[in-house]
$ cat target_33.tsv   # TSV, C-alpha atoms
chain	number	residue	atom	x	y	z
A	23	MET	CA	-41.91	116.00	46.95
A	24	LEU	CA	-45.60	115.34	46.34
A	25	ASP	CA	-45.68	113.17	49.46
A	26	GLU	CA	-44.50	116.10	51.59
A	27	GLN	CA	-47.12	118.35	50.01
A	28	LEU	CA	-49.84	115.85	50.85
A	29	LEU	CA	-48.58	115.55	54.42
A	30	ASP	CA	-48.56	119.36	54.65
A	31	THR	CA	-52.14	119.33	53.35
A	32	TRP	CA	-53.08	116.99	56.22
A	33	THR	CA	-51.43	119.38	58.70
A	34	ILE	CA	-53.35	122.35	57.29
A	35	HIS	CA	-56.60	120.37	57.39
A	36	HIS	CA	-55.91	119.50	61.03
A	37	ARG	CA	-55.24	123.15	61.96
A	38	ILE	CA	-58.49	124.19	60.30
A	39	THR	CA	-60.39	121.50	62.21
A	40	LEU	CA	-58.99	122.91	65.45
A	41	TYR	CA	-59.84	126.44	64.25
A	42	LEU	CA	-63.43	125.28	63.87
A	43	LEU	CA	-63.40	123.64	67.31
A	44	ASP	CA	-62.07	126.85	68.86
A	45	ALA	CA	-64.97	128.82	67.36
A	46	ILE	CA	-67.65	126.59	68.88
A	47	THR	CA	-69.05	127.61	72.26
A	48	PRO	CA	-69.40	124.96	74.98
A	49	GLU	CA	-73.20	125.21	74.71
A	50	ALA	CA	-73.09	124.74	70.95
A	51	LEU	CA	-70.72	121.80	71.27
A	52	ASN	CA	-73.42	119.79	73.03
A	53	ALA	CA	-76.38	121.07	71.04
A	54	ALA	CA	-78.11	118.67	68.67
A	55	PRO	CA	-81.17	118.69	66.45
A	56	ASP	CA	-84.08	116.48	67.54
A	57	LYS	CA	-82.82	113.77	65.23
A	58	GLY	CA	-79.12	113.62	64.62
A	59	ARG	CA	-75.80	113.90	66.35
A	60	SER	CA	-74.52	116.77	68.44
A	61	VAL	CA	-71.59	118.80	67.22
A	62	GLY	CA	-69.45	117.14	69.90
A	63	GLN	CA	-70.52	113.70	68.69
A	64	MET	CA	-69.47	114.61	65.15
A	65	LEU	CA	-66.06	115.82	66.28
A	66	ALA	CA	-65.63	112.68	68.39
A	67	HIS	CA	-66.61	110.69	65.30
A	68	LEU	CA	-63.69	112.17	63.36
A	69	HIS	CA	-61.28	110.93	66.02
A	70	ASN	CA	-63.04	107.59	66.46
A	71	ASN	CA	-63.15	106.94	62.71
A	72	ARG	CA	-59.41	107.53	62.49
A	73	LEU	CA	-58.87	104.95	65.21
A	74	THR	CA	-61.19	102.45	63.51
A	75	TRP	CA	-59.10	102.68	60.34
A	76	LEU	CA	-55.87	102.47	62.32
A	77	GLU	CA	-57.11	99.22	63.90
A	78	ALA	CA	-57.42	97.78	60.39
A	79	ALA	CA	-54.39	99.39	58.75
A	80	ALA	CA	-51.71	99.86	61.41
A	81	PRO	CA	-52.67	98.66	64.88
A	82	ASP	CA	-49.11	99.26	66.08
A	83	LEU	CA	-49.80	103.00	65.86
A	84	LEU	CA	-52.74	102.86	68.29
A	85	GLN	CA	-50.63	102.70	71.44
A	86	GLY	CA	-51.97	105.15	74.02
A	87	LEU	CA	-55.02	106.15	71.94
A	88	SER	CA	-58.61	105.39	72.80
A	89	LYS	CA	-61.98	106.22	71.35
A	90	ILE	CA	-64.21	108.90	72.82
A	91	PRO	CA	-67.64	107.73	74.00
A	92	ALA	CA	-70.07	109.44	71.65
A	93	LYS	CA	-73.61	108.43	72.50
A	94	LYS	CA	-76.53	110.86	72.41
A	95	LYS	CA	-76.45	111.30	76.21
A	96	ASP	CA	-72.72	112.07	76.33
A	97	THR	CA	-71.46	115.61	76.81
A	98	PHE	CA	-68.24	116.88	75.31
A	99	GLU	CA	-65.51	119.23	76.39
A	100	LYS	CA	-63.31	121.15	74.00
A	101	ASP	CA	-60.09	120.19	75.79
A	102	THR	CA	-60.89	116.48	75.54
A	103	LEU	CA	-61.82	116.73	71.87
A	104	ARG	CA	-58.76	118.86	71.07
A	105	ALA	CA	-56.35	116.44	72.76
A	106	ALA	CA	-57.92	113.45	71.01
A	107	LEU	CA	-57.96	115.12	67.59
A	108	GLU	CA	-54.36	116.26	67.99
A	109	ALA	CA	-53.19	112.78	68.95
A	110	SER	CA	-55.08	110.98	66.20
A	111	ALA	CA	-54.05	113.54	63.55
A	112	GLN	CA	-50.40	112.98	64.44
A	113	VAL	CA	-50.77	109.21	64.16
A	114	MET	CA	-52.69	109.52	60.91
A	115	GLU	CA	-49.78	111.51	59.52
A	116	MET	CA	-47.53	108.60	60.44
A	117	LEU	CA	-49.91	106.22	58.65
A	118	PHE	CA	-49.94	108.41	55.54
A	119	ARG	CA	-46.15	108.75	55.59
A	120	ARG	CA	-45.79	104.96	55.68
A	121	GLY	CA	-48.37	104.58	52.97
A	122	PHE	CA	-46.70	107.09	50.68
A	123	GLU	CA	-43.36	105.33	51.16
A	124	THR	CA	-44.78	101.90	50.27
A	125	GLY	CA	-47.54	103.01	47.89
A	126	LYS	CA	-50.31	101.41	49.91
A	127	ILE	CA	-52.21	101.53	53.17
A	128	LYS	CA	-53.46	98.16	54.36
A	129	ASN	CA	-57.21	97.69	53.77
A	130	MET	CA	-57.53	100.97	51.85
A	131	LYS	CA	-58.11	100.95	48.12
A	132	PRO	CA	-56.93	101.78	45.54
A	133	HIS	CA	-53.62	103.17	46.89
A	134	ALA	CA	-52.17	105.41	49.61
A	135	ALA	CA	-53.19	108.65	47.88
A	136	GLY	CA	-56.73	107.29	47.52
A	137	GLY	CA	-56.82	106.55	51.25
A	138	PHE	CA	-55.59	110.05	51.98
A	139	GLY	CA	-58.33	111.46	49.74
A	140	TYR	CA	-60.92	109.34	51.53
A	141	PHE	CA	-59.96	110.83	54.90
A	142	LEU	CA	-60.09	114.42	53.67
A	143	ALA	CA	-63.44	113.85	51.96
A	144	HIS	CA	-64.89	112.10	55.00
A	145	GLU	CA	-63.76	114.71	57.48
A	146	TRP	CA	-64.85	117.65	55.33
A	147	TYR	CA	-68.26	116.08	54.89
A	148	HIS	CA	-68.60	116.22	58.67
A	149	ILE	CA	-67.15	119.72	58.91
A	150	GLY	CA	-69.92	120.85	56.58
A	151	GLU	CA	-72.43	118.88	58.64
A	152	ILE	CA	-71.16	120.63	61.79
A	153	GLY	CA	-71.67	124.05	60.21
A	154	MET	CA	-75.19	123.12	59.14
A	155	THR	CA	-76.05	121.65	62.55
A	156	LEU	CA	-74.77	124.73	64.36
A	157	ALA	CA	-77.07	126.90	62.23
A	158	GLN	CA	-80.04	124.58	62.82
A	159	VAL	CA	-79.67	124.62	66.61
A	160	GLY	CA	-79.25	128.39	66.84
A	161	TYR	CA	-75.46	128.74	67.03
A	162	PRO	CA	-74.42	129.64	63.49
A	163	LEU	CA	-70.73	130.14	62.83
A	164	PRO	CA	-69.74	133.78	62.46
A	165	ASP	CA	-69.14	134.65	58.80
A	166	ALA	CA	-65.44	135.23	59.50
A	167	VAL	CA	-65.11	131.65	60.78
A	168	GLY	CA	-67.17	130.17	57.96
A	169	TYR	CA	-64.99	131.88	55.39
A	170	GLY	CA	-61.88	131.20	57.48
A	171	LEU	CA	-62.38	127.47	57.03
A	172	TRP	CA	-61.39	127.98	53.39
A	173	GLU	CA	-58.32	130.11	53.98
A	174	TRP	CA	-55.85	127.27	53.59
A	175	GLY	CA	-53.02	129.65	52.76
A	176	LYS	CA	-53.43	131.44	56.10
A	177	ARG	CA	-54.14	128.58	58.46

$ encode --input "target_33.tsv" --output "structure tokens"
Amino acid sequence: MLDEQLLDTWTIHHRITLYLLDAITPEALNAAPDKGRSVGQMLAHLHNNRLTWLEAAAPDLLQGLSKIPAKKKDTFEKDTLRAALEASAQVMEMLFRRGFETGKIKNMKPHAAGGFGYFLAHEWYHIGEIGMTLAQVGYPLPDAVGYGLWEWGKR
């Protein structure tokens, strides 16, 4: 039962990530501070980091997935980021499901639940970074969206 709750938590997290993406204008998506990554680069990083871990933990799940180029000069489109995040979130759920069944995820310590916690912590670090970057470059999130990120019971 706890496994299903954790998988549901991943699904909610994913929906909130897409909620954030939907709230970002195309101009803001490619905006970046003088030093640092653009919002699009950070969202691409979420997807790319998932794939990096999948390479180490379950390469059989990578079929059909590829990383998004995320250099400073690259521009990003919401549709591309959405499709990539949706695909990698689905595969990550498969990885977590396997891990919860066996109690471990290859190359992740200390156990499957710890690996799950790592991913949530890592991705929410960057979600916070995205909010801060948007404010710094002149595209702050509307209050309703900022608060909406924490409405896990609604999303």

$ residues_around --input "target_33.tsv" --residues "A:Asn52" --least-positions-apart "5" --cutoff "10 Å" --atoms "all atoms listed in the file" --output "JSON, numbers by chain"
{"A": [46, 47, 59, 60, 61, 62, 63, 94, 95, 96, 97, 98, 99]}

$ atom_distance --input "target_33.tsv" --atom1 "atom CA of A:Glu173" --atom2 "atom CA of A:Thr102"
25.6 Å

$ closest_residue --input "target_33.tsv" --among "A:Leu76, A:Thr31, A:Arg177, A:Pro55" --to "A:Met130" --atoms "all atoms listed in the file"
A:Leu76

$ closest_residue --input "target_33.tsv" --among "A:Gly86, A:Asp30, A:Thr39, A:Trp146" --to "A:Gly170" --atoms "all atoms listed in the file"
A:Thr39

$ closest_residue --input "target_33.tsv" --among "A:Arg120, A:Gly153, A:Leu51, A:Leu171" --to "A:Leu103" --atoms "all atoms listed in the file"
A:Leu51

$ atom_distance --input "target_33.tsv" --atom1 "atom CA of A:Glu49" --atom2 "atom CA of A:Glu151"
17.3 Å

$ residues_near_point --input "target_33.tsv" --point "(-58.0, 111.0, 61.0)" --cutoff "9 Å" --atoms "only C-alpha atoms" --output "PyMOL selection string"
chain A and resi 36+68-73+75-76+107+110-115+141-142+145

$ build_atoms --input "target_33.tsv" --residues "stretch 72-96 of chain A" --atoms "N, CA and C atoms" --output "PDB file, in the frame of the given file"
ATOM      1  N   ARG A  72     -60.853 107.690  62.716  1.00  0.00           N
ATOM      2  CA  ARG A  72     -59.410 107.530  62.490  1.00  0.00           C
ATOM      3  C   ARG A  72     -58.908 106.275  63.203  1.00  0.00           C
ATOM      4  N   LEU A  73     -59.334 106.103  64.445  1.00  0.00           N
ATOM      5  CA  LEU A  73     -58.870 104.950  65.210  1.00  0.00           C
ATOM      6  C   LEU A  73     -59.409 103.636  64.642  1.00  0.00           C
ATOM      7  N   THR A  74     -60.629 103.651  64.138  1.00  0.00           N
ATOM      8  CA  THR A  74     -61.190 102.450  63.510  1.00  0.00           C
ATOM      9  C   THR A  74     -60.324 102.032  62.325  1.00  0.00           C
ATOM     10  N   TRP A  75     -59.942 103.004  61.488  1.00  0.00           N
ATOM     11  CA  TRP A  75     -59.100 102.680  60.340  1.00  0.00           C
ATOM     12  C   TRP A  75     -57.704 102.266  60.778  1.00  0.00           C
ATOM     13  N   LEU A  76     -57.184 102.870  61.820  1.00  0.00           N
ATOM     14  CA  LEU A  76     -55.870 102.470  62.320  1.00  0.00           C
ATOM     15  C   LEU A  76     -55.887 101.027  62.830  1.00  0.00           C
ATOM     16  N   GLU A  77     -56.990 100.620  63.453  1.00  0.00           N
ATOM     17  CA  GLU A  77     -57.110  99.220  63.900  1.00  0.00           C
ATOM     18  C   GLU A  77     -56.929  98.274  62.731  1.00  0.00           C
ATOM     19  N   ALA A  78     -57.478  98.639  61.577  1.00  0.00           N
ATOM     20  CA  ALA A  78     -57.420  97.780  60.390  1.00  0.00           C
ATOM     21  C   ALA A  78     -56.106  97.930  59.626  1.00  0.00           C
ATOM     22  N   ALA A  79     -55.538  99.130  59.623  1.00  0.00           N
ATOM     23  CA  ALA A  79     -54.390  99.390  58.750  1.00  0.00           C
ATOM     24  C   ALA A  79     -53.044  99.351  59.458  1.00  0.00           C
ATOM     25  N   ALA A  80     -52.991  99.779  60.696  1.00  0.00           N
ATOM     26  CA  ALA A  80     -51.710  99.860  61.410  1.00  0.00           C
ATOM     27  C   ALA A  80     -51.940  99.845  62.915  1.00  0.00           C
ATOM     28  N   PRO A  81     -52.347  98.705  63.449  1.00  0.00           N
ATOM     29  CA  PRO A  81     -52.670  98.660  64.880  1.00  0.00           C
ATOM     30  C   PRO A  81     -51.487  99.029  65.782  1.00  0.00           C
ATOM     31  N   ASP A  82     -50.275  98.898  65.280  1.00  0.00           N
ATOM     32  CA  ASP A  82     -49.110  99.260  66.080  1.00  0.00           C
ATOM     33  C   ASP A  82     -49.066 100.761  66.396  1.00  0.00           C
ATOM     34  N   LEU A  83     -49.784 101.561  65.626  1.00  0.00           N
ATOM     35  CA  LEU A  83     -49.800 103.000  65.860  1.00  0.00           C
ATOM     36  C   LEU A  83     -50.830 103.435  66.901  1.00  0.00           C
ATOM     37  N   LEU A  84     -51.640 102.513  67.365  1.00  0.00           N
ATOM     38  CA  LEU A  84     -52.740 102.860  68.290  1.00  0.00           C
ATOM     39  C   LEU A  84     -52.302 102.996  69.749  1.00  0.00           C
ATOM     40  N   GLN A  85     -51.076 102.697  70.048  1.00  0.00           N
ATOM     41  CA  GLN A  85     -50.630 102.700  71.440  1.00  0.00           C
ATOM     42  C   GLN A  85     -50.932 104.034  72.121  1.00  0.00           C
ATOM     43  N   GLY A  86     -51.644 103.971  73.236  1.00  0.00           N
ATOM     44  CA  GLY A  86     -51.970 105.150  74.020  1.00  0.00           C
ATOM     45  C   GLY A  86     -53.206 105.909  73.546  1.00  0.00           C
ATOM     46  N   LEU A  87     -53.821 105.469  72.452  1.00  0.00           N
ATOM     47  CA  LEU A  87     -55.020 106.150  71.940  1.00  0.00           C
ATOM     48  C   LEU A  87     -56.267 105.359  72.300  1.00  0.00           C
ATOM     49  N   SER A  88     -57.339 106.064  72.556  1.00  0.00           N
ATOM     50  CA  SER A  88     -58.610 105.390  72.800  1.00  0.00           C
ATOM     51  C   SER A  88     -59.737 106.232  72.217  1.00  0.00           C
ATOM     52  N   LYS A  89     -60.816 105.546  71.917  1.00  0.00           N
ATOM     53  CA  LYS A  89     -61.980 106.220  71.350  1.00  0.00           C
ATOM     54  C   LYS A  89     -62.690 107.049  72.406  1.00  0.00           C
ATOM     55  N   ILE A  90     -63.430 108.034  71.948  1.00  0.00           N
ATOM     56  CA  ILE A  90     -64.210 108.900  72.820  1.00  0.00           C
ATOM     57  C   ILE A  90     -65.646 108.375  72.818  1.00  0.00           C
ATOM     58  N   PRO A  91     -66.225 108.111  73.991  1.00  0.00           N
ATOM     59  CA  PRO A  91     -67.640 107.730  74.000  1.00  0.00           C
ATOM     60  C   PRO A  91     -68.461 108.832  73.329  1.00  0.00           C
ATOM     61  N   ALA A  92     -69.347 108.429  72.432  1.00  0.00           N
ATOM     62  CA  ALA A  92     -70.070 109.440  71.650  1.00  0.00           C
ATOM     63  C   ALA A  92     -71.538 109.058  71.466  1.00  0.00           C
ATOM     64  N   LYS A  93     -72.181 108.728  72.550  1.00  0.00           N
ATOM     65  CA  LYS A  93     -73.610 108.430  72.500  1.00  0.00           C
ATOM     66  C   LYS A  93     -74.397 109.728  72.679  1.00  0.00           C
ATOM     67  N   LYS A  94     -75.653 109.678  72.364  1.00  0.00           N
ATOM     68  CA  LYS A  94     -76.530 110.860  72.410  1.00  0.00           C
ATOM     69  C   LYS A  94     -76.492 111.533  73.790  1.00  0.00           C
ATOM     70  N   LYS A  95     -76.411 110.758  74.856  1.00  0.00           N
ATOM     71  CA  LYS A  95     -76.450 111.300  76.210  1.00  0.00           C
ATOM     72  C   LYS A  95     -75.119 111.900  76.654  1.00  0.00           C
ATOM     73  N   ASP A  96     -74.043 111.607  75.932  1.00  0.00           N
ATOM     74  CA  ASP A  96     -72.720 112.070  76.330  1.00  0.00           C
ATOM     75  C   ASP A  96     -72.569 113.577  76.119  1.00  0.00           C
TER      76      ASP A  96
END
